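J.: Following this message is one structure expressed as structure tokens.
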Amino acid sequence: MKLGMSYVSEHIPEHIHEDMKAIVDMGCTQVLAAFTDPSLYGGINGAFRRAGEIGRRNGLTVYAQIWGYANTFGGGKVSKFMLEDTSVWRVRADGSRIARGCLNNPGFMEYFEKLARKCFERGYQGIYIDGPGRMHDDKRQGRERCFCQYCQDKFRRQYGGDLLASQSAPEFEEFAARGLVEFVAEACSRASKIAPNFRTICCMWPKSKQACWEPVSAIRDLDVFGTYPYWHLPYVGYGGSLEAAAADATLTQQLAAKHGKESWIWLGAYEIPKGREKEIVYEGGKALAASGCNAIYTWTYRSGLGLDEESDDHEASWTQVKRLYRELAST
Ligand SMILES: [Zn+2]
């Protein structure tokens, strides 16, 4: 089983080197370096410029993630792109606009491709598509459904009706799911054309399972299919269970294998409540790994130390990650 680690990168080279070395020493062969889009440009851009090369020098396969891309993908949402190009913003049913990118807007795709190309040019070996849209998730996201002209035109082409008038129709949900799958397929197609060995990875939210997992896992240009089963865990607040998380890990492995992809399963080791580190991180991680997935990844290095999602006792949580990885490294 391959072990990977997500890494919200430092910007000073010797610090990146020390962290990459520590990631190797704990048994990882892969790292997912996460950058918000401002860090690909001016200001503190040393992380993006250097993490790929330093990771590879340490023997790691290094993938890149545009964290919270266009305030739409998973993760920290501080998009420079959304600040500068309001034409890509979503439009609510009442006509008001929100600074989250619309998957159906051509500008959303074009900018993603541009950033993916920058990642390749900086030595990253693949691009990560992180839970795009979350269209099947919570009420907050539901209120952020887009009714821009691109969405209205596309709905009319695909279903022959009016998007605004169809909000309670079954086609409305189907349209959202179909759009998400179409976006991932096109994003993977464009990314894979950047270079033959530039890999594409997509992880989907548990709540998009019914509508999206099968078609996304079947996308021709996708190399790795995964999920974040820790969203099922009871402490997250969605009323789930470890059994449900393990079942999703198994389903992910099966779908990936069926379509000739690798499977990634995410272990959440951030925002861990104090005293539950062993149960959630170590025992939970073992249950997820039992799915037989190709790789286990952990969000995130040092259990989120320094991020707003730091675990209550980050050292205790991180100790359990290292314990888990020691055991998994030999499997
Ligand atoms: Zn739209």
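So you can find residues: chains in the structure tokens are A, B, ... in the order shown, residues in each start at 1, and ligands are numbered from 1 in order.
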Please provide the set of residues having any atom within 9 Å of A:Phe48, restricted to only C-alpha atoms, with same-chain residues fewer than 3 positions apart removed, written as a list in words.
T.: Ser9, His11, Ala33, Ala34, Phe35, Ser39, Leu40, Tyr41, Ile44, Asn45, Ala51, Gly52, Ala64, Cys119 and Arg122 of chain A
J.: Give me the residues within 9 Å of A:Trp318 as a list of chain:residue names, counting only C-alpha atoms and dropping any in the same chain fewer than 6 places off.
T.: A:Ala269, A:Glu277, A:Val281, A:Tyr301, A:Arg302, A:Ser303
J.: Take the residues from that selection and write them out as a PDB file, in the first residue's frame, keeping N, CA and C atoms.
T.:
```
ATOM      1  N   ALA A 269      -6.862  13.701   9.814  1.00  0.00           N
ATOM      2  CA  ALA A 269      -6.143  13.788  11.094  1.00  0.00           C
ATOM      3  C   ALA A 269      -6.061  15.263  11.505  1.00  0.00           C
ATOM      4  N   GLU A 277      -7.780  10.625  19.688  1.00  0.00           N
ATOM      5  CA  GLU A 277      -6.787  10.488  18.616  1.00  0.00           C
ATOM      6  C   GLU A 277      -6.590   9.027  18.204  1.00  0.00           C
ATOM      7  N   VAL A 281      -7.823   8.273  14.524  1.00  0.00           N
ATOM      8  CA  VAL A 281      -6.707   8.286  13.575  1.00  0.00           C
ATOM      9  C   VAL A 281      -6.123   6.880  13.387  1.00  0.00           C
ATOM     10  N   TYR A 301      -0.309  17.186   7.089  1.00  0.00           N
ATOM     11  CA  TYR A 301       0.985  17.108   7.792  1.00  0.00           C
ATOM     12  C   TYR A 301       0.914  17.764   9.171  1.00  0.00           C
ATOM     13  N   ARG A 302       1.444  17.062  10.170  1.00  0.00           N
ATOM     14  CA  ARG A 302       1.479  17.502  11.561  1.00  0.00           C
ATOM     15  C   ARG A 302       0.082  17.750  12.131  1.00  0.00           C
ATOM     16  N   SER A 303      -0.893  17.020  11.576  1.00  0.00           N
ATOM     17  CA  SER A 303      -2.277  17.112  12.061  1.00  0.00           C
ATOM     18  C   SER A 303      -2.804  18.542  12.054  1.00  0.00           C
TER      19      SER A 303
END
```
J.: Around ligand 1, which protein and nucleic acid residues have at least one atom no more than 8 Å from it, if we count only C-alpha atoms and all ligand atoms? List them as a PyMOL selection string.
T.: chain A and resi 88-91+101-105+145-152
J.: Limited to C-alpha atoms, could you put the picked residues into a file as a short mmCIF file (atom, residue, chain, number, x, y, z; two decimals), in the first residue's frame?
T.:
```
data_model
loop_
_atom_site.label_atom_id
_atom_site.label_comp_id
_atom_site.auth_asym_id
_atom_site.auth_seq_id
_atom_site.Cartn_x
_atom_site.Cartn_y
_atom_site.Cartn_z
CA VAL A 88 -16.97 33.48 -13.33
CA TRP A 89 -19.02 34.03 -10.16
CA ARG A 90 -22.17 32.02 -9.59
CA VAL A 91 -25.55 33.69 -9.91
CA GLY A 101 -16.83 29.75 -9.52
CA CYS A 102 -19.44 28.16 -11.77
CA LEU A 103 -18.39 24.78 -13.15
CA ASN A 104 -20.27 25.48 -16.37
CA ASN A 105 -18.52 28.79 -17.04
CA ARG A 145 -26.66 26.72 -6.91
CA CYS A 146 -25.89 28.65 -10.04
CA PHE A 147 -28.39 30.12 -12.48
CA CYS A 148 -25.97 32.08 -14.66
CA GLN A 149 -26.52 32.34 -18.38
CA TYR A 150 -24.13 29.44 -19.03
CA CYS A 151 -26.10 27.22 -16.67
CA GLN A 152 -29.46 28.32 -18.08
#
```
J.: So how many Å separate atom CA of A:Thr36 and atom CA of A:Cys188, to one decimal?
T.: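 Taking atom CA of A:Thr36 as the start and atom CA of A:Cys188 as the end point, the length is 19.9 Å.
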J.: Got a sec: who's within 10 Å of A:His314, counting only C-alpha atoms, leaving out chain neighbours fewer than 3 positions off, as a list in words?
T.: Ala269, Tyr270, Glu271, Ile272, Pro273, Lys274, Glu277, Arg302, Ser303, Gly304, Leu305, Gly306, Glu310, Ser311, Ser317, Trp318, Thr319 and Gln320 of chain A
J.: Would you mind exporting the chosen residues as a PDB file, in the first residue's frame, restricted to N, CA and C atoms?
T.:
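The file below, part-v4.pdb, is the result:
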```pdb
ATOM      1  N   ALA A 269      -6.862  13.701   9.814  1.00  0.00           N
ATOM      2  CA  ALA A 269      -6.143  13.788  11.094  1.00  0.00           C
ATOM      3  C   ALA A 269      -6.061  15.263  11.505  1.00  0.00           C
ATOM      4  N   TYR A 270      -7.120  15.975  11.264  1.00  0.00           N
ATOM      5  CA  TYR A 270      -7.184  17.389  11.646  1.00  0.00           C
ATOM      6  C   TYR A 270      -8.471  17.593  12.449  1.00  0.00           C
ATOM      7  N   GLU A 271      -8.454  18.638  13.263  1.00  0.00           N
ATOM      8  CA  GLU A 271      -9.614  18.933  14.116  1.00  0.00           C
ATOM      9  C   GLU A 271     -10.038  17.715  14.939  1.00  0.00           C
ATOM     10  N   ILE A 272      -9.065  16.900  15.313  1.00  0.00           N
ATOM     11  CA  ILE A 272      -9.383  15.714  16.112  1.00  0.00           C
ATOM     12  C   ILE A 272      -9.640  16.154  17.560  1.00  0.00           C
ATOM     13  N   PRO A 273     -10.786  15.771  18.114  1.00  0.00           N
ATOM     14  CA  PRO A 273     -11.063  16.154  19.503  1.00  0.00           C
ATOM     15  C   PRO A 273     -10.077  15.495  20.457  1.00  0.00           C
ATOM     16  N   LYS A 274      -9.705  16.229  21.471  1.00  0.00           N
ATOM     17  CA  LYS A 274      -8.723  15.722  22.444  1.00  0.00           C
ATOM     18  C   LYS A 274      -9.222  14.427  23.082  1.00  0.00           C
ATOM     19  N   GLU A 277      -7.780  10.625  19.688  1.00  0.00           N
ATOM     20  CA  GLU A 277      -6.787  10.488  18.616  1.00  0.00           C
ATOM     21  C   GLU A 277      -6.590   9.027  18.204  1.00  0.00           C
ATOM     22  N   ARG A 302       1.444  17.062  10.170  1.00  0.00           N
ATOM     23  CA  ARG A 302       1.479  17.502  11.561  1.00  0.00           C
ATOM     24  C   ARG A 302       0.082  17.750  12.131  1.00  0.00           C
ATOM     25  N   SER A 303      -0.893  17.020  11.576  1.00  0.00           N
ATOM     26  CA  SER A 303      -2.277  17.112  12.061  1.00  0.00           C
ATOM     27  C   SER A 303      -2.804  18.542  12.054  1.00  0.00           C
ATOM     28  N   GLY A 304      -2.440  19.256  11.015  1.00  0.00           N
ATOM     29  CA  GLY A 304      -3.005  20.592  10.809  1.00  0.00           C
ATOM     30  C   GLY A 304      -2.342  21.681  11.624  1.00  0.00           C
ATOM     31  N   LEU A 305      -1.191  21.392  12.204  1.00  0.00           N
ATOM     32  CA  LEU A 305      -0.488  22.397  13.013  1.00  0.00           C
ATOM     33  C   LEU A 305      -0.284  23.679  12.195  1.00  0.00           C
ATOM     34  N   GLY A 306      -0.738  24.772  12.761  1.00  0.00           N
ATOM     35  CA  GLY A 306      -0.566  26.058  12.081  1.00  0.00           C
ATOM     36  C   GLY A 306      -1.742  26.443  11.205  1.00  0.00           C
ATOM     37  N   GLU A 310      -6.342  22.936  13.095  1.00  0.00           N
ATOM     38  CA  GLU A 310      -5.416  22.205  13.955  1.00  0.00           C
ATOM     39  C   GLU A 310      -6.188  21.283  14.910  1.00  0.00           C
ATOM     40  N   SER A 311      -5.657  20.071  15.115  1.00  0.00           N
ATOM     41  CA  SER A 311      -6.268  19.175  16.101  1.00  0.00           C
ATOM     42  C   SER A 311      -6.084  19.760  17.507  1.00  0.00           C
ATOM     43  N   SER A 317      -2.335  13.499  18.006  1.00  0.00           N
ATOM     44  CA  SER A 317      -2.920  13.055  16.744  1.00  0.00           C
ATOM     45  C   SER A 317      -1.824  12.623  15.764  1.00  0.00           C
ATOM     46  N   TRP A 318      -0.779  13.420  15.692  1.00  0.00           N
ATOM     47  CA  TRP A 318       0.309  13.121  14.761  1.00  0.00           C
ATOM     48  C   TRP A 318       1.041  11.839  15.165  1.00  0.00           C
ATOM     49  N   THR A 319       1.162  11.605  16.443  1.00  0.00           N
ATOM     50  CA  THR A 319       1.773  10.361  16.930  1.00  0.00           C
ATOM     51  C   THR A 319       0.992   9.151  16.427  1.00  0.00           C
ATOM     52  N   GLN A 320      -0.316   9.267  16.409  1.00  0.00           N
ATOM     53  CA  GLN A 320      -1.147   8.152  15.919  1.00  0.00           C
ATOM     54  C   GLN A 320      -1.022   7.977  14.408  1.00  0.00           C
TER      55      GLN A 320
END
```
J.: Which residues, written as a VMD selection string, have at least one atom at most 6 Å from A:Gly126, with only C-alpha atoms counted and residues fewer than 2 positions away on the same chain left out?
T.: chain A and resid 63 124 198 to 200
J.: Output C-alpha atoms of each residue in that selection to a file, as a tab-separated table (two decimals), in the first residue's frame.
T.:
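Here's the written file again07.tsv:
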```
chain	number	residue	atom	x	y	z
A	63	TYR	CA	1.30	16.11	-6.83
A	124	TYR	CA	4.61	18.60	-10.08
A	198	PHE	CA	1.02	14.26	-15.91
A	199	ARG	CA	-1.50	12.45	-13.70
A	200	THR	CA	-5.06	13.33	-12.77
```
J.: Would you please give, as JSON, numbers by chain, all residues of stretch 153-235 of chain A that DSSP assigns to alpha helix (DSSP H) based on the backbone?
T.: {"A": [153, 154, 155, 156, 157, 158, 159, 170, 171, 172, 173, 174, 175, 176, 177, 178, 179, 180, 181, 182, 183, 184, 185, 186, 187, 188, 189, 190, 191, 192, 193, 194, 214, 215, 216, 217]}
J.: Run DSSP on the backbone of this structure and report the residues of stretch 38-144 of chain A it assigns to strand (DSSP E), as an MDAnalysis selection string.
T.: chainID A and resid 61:66 89:91 97:101 126:130
J.: Would you write out those residues with C-alpha atoms, as a PDB file, in the first residue's frame?
T.:
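Now in result-v7.pdb:
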```pdb
ATOM      1  CA  THR A  61       6.207  11.622  -6.143  1.00  0.00           C
ATOM      2  CA  VAL A  62       4.812  15.133  -5.818  1.00  0.00           C
ATOM      3  CA  TYR A  63       1.300  16.105  -6.833  1.00  0.00           C
ATOM      4  CA  ALA A  64      -0.213  19.584  -6.633  1.00  0.00           C
ATOM      5  CA  GLN A  65      -3.522  20.778  -5.300  1.00  0.00           C
ATOM      6  CA  ILE A  66      -5.023  24.199  -5.901  1.00  0.00           C
ATOM      7  CA  TRP A  89     -19.017  34.033 -10.159  1.00  0.00           C
ATOM      8  CA  ARG A  90     -22.174  32.017  -9.593  1.00  0.00           C
ATOM      9  CA  VAL A  91     -25.554  33.691  -9.906  1.00  0.00           C
ATOM     10  CA  ARG A  97     -23.988  36.886  -7.202  1.00  0.00           C
ATOM     11  CA  ILE A  98     -21.556  34.952  -5.070  1.00  0.00           C
ATOM     12  CA  ALA A  99     -17.764  34.665  -5.284  1.00  0.00           C
ATOM     13  CA  ARG A 100     -17.686  30.957  -6.044  1.00  0.00           C
ATOM     14  CA  GLY A 101     -16.830  29.746  -9.517  1.00  0.00           C
ATOM     15  CA  GLY A 126      -0.082  15.476 -11.325  1.00  0.00           C
ATOM     16  CA  ILE A 127      -3.026  17.703 -10.460  1.00  0.00           C
ATOM     17  CA  TYR A 128      -5.625  17.016  -7.820  1.00  0.00           C
ATOM     18  CA  ILE A 129      -9.308  17.813  -8.375  1.00  0.00           C
ATOM     19  CA  ASP A 130     -10.684  18.174  -4.889  1.00  0.00           C
TER      20      ASP A 130
END
```
J.: Can you pull out the residues contacting A:Thr227? Cut-off 12 Å, using only C-alpha atoms, and skip same-chain residues under 3 positions away; I want them as a PyMOL selection string.
T.: chain A and resi 74+129-132+201-209+212-213+216-217+224+230-232+245-253+255-256+262-268+288+293+295-298
J.: Rounded to one decimal place, report the atom CA of A:Ala257-atom CA of A:Asn294 distance in Å.
T.: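 Atom-to-atom, atom CA of A:Ala257 and atom CA of A:Asn294 are spaced 9.5 Å apart.
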J.: Could you check which of A:Val31, A:Ala218, A:Ile280, A:Met1 is closest to A:Gln254, using only C-alpha atoms?
T.: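 Distance minimum relative to A:Gln254 lands on A:Ala218.
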J.: Looking at A:Ala93, A:Ala316, A:Tyr228, A:Tyr235, which one is nearest to A:Ser166, with distances taken over only C-alpha atoms?
T.: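 Ranking A:Ala93, A:Ala316, A:Tyr228, A:Tyr235 by distance to A:Ser166, first place goes to A:Ala93.
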J.: Can you measure atom CA of A:Val181 to atom CA of A:Ala290 for me? One decimal in Å is fine.
T.: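 So the answer is 27.9 Å.
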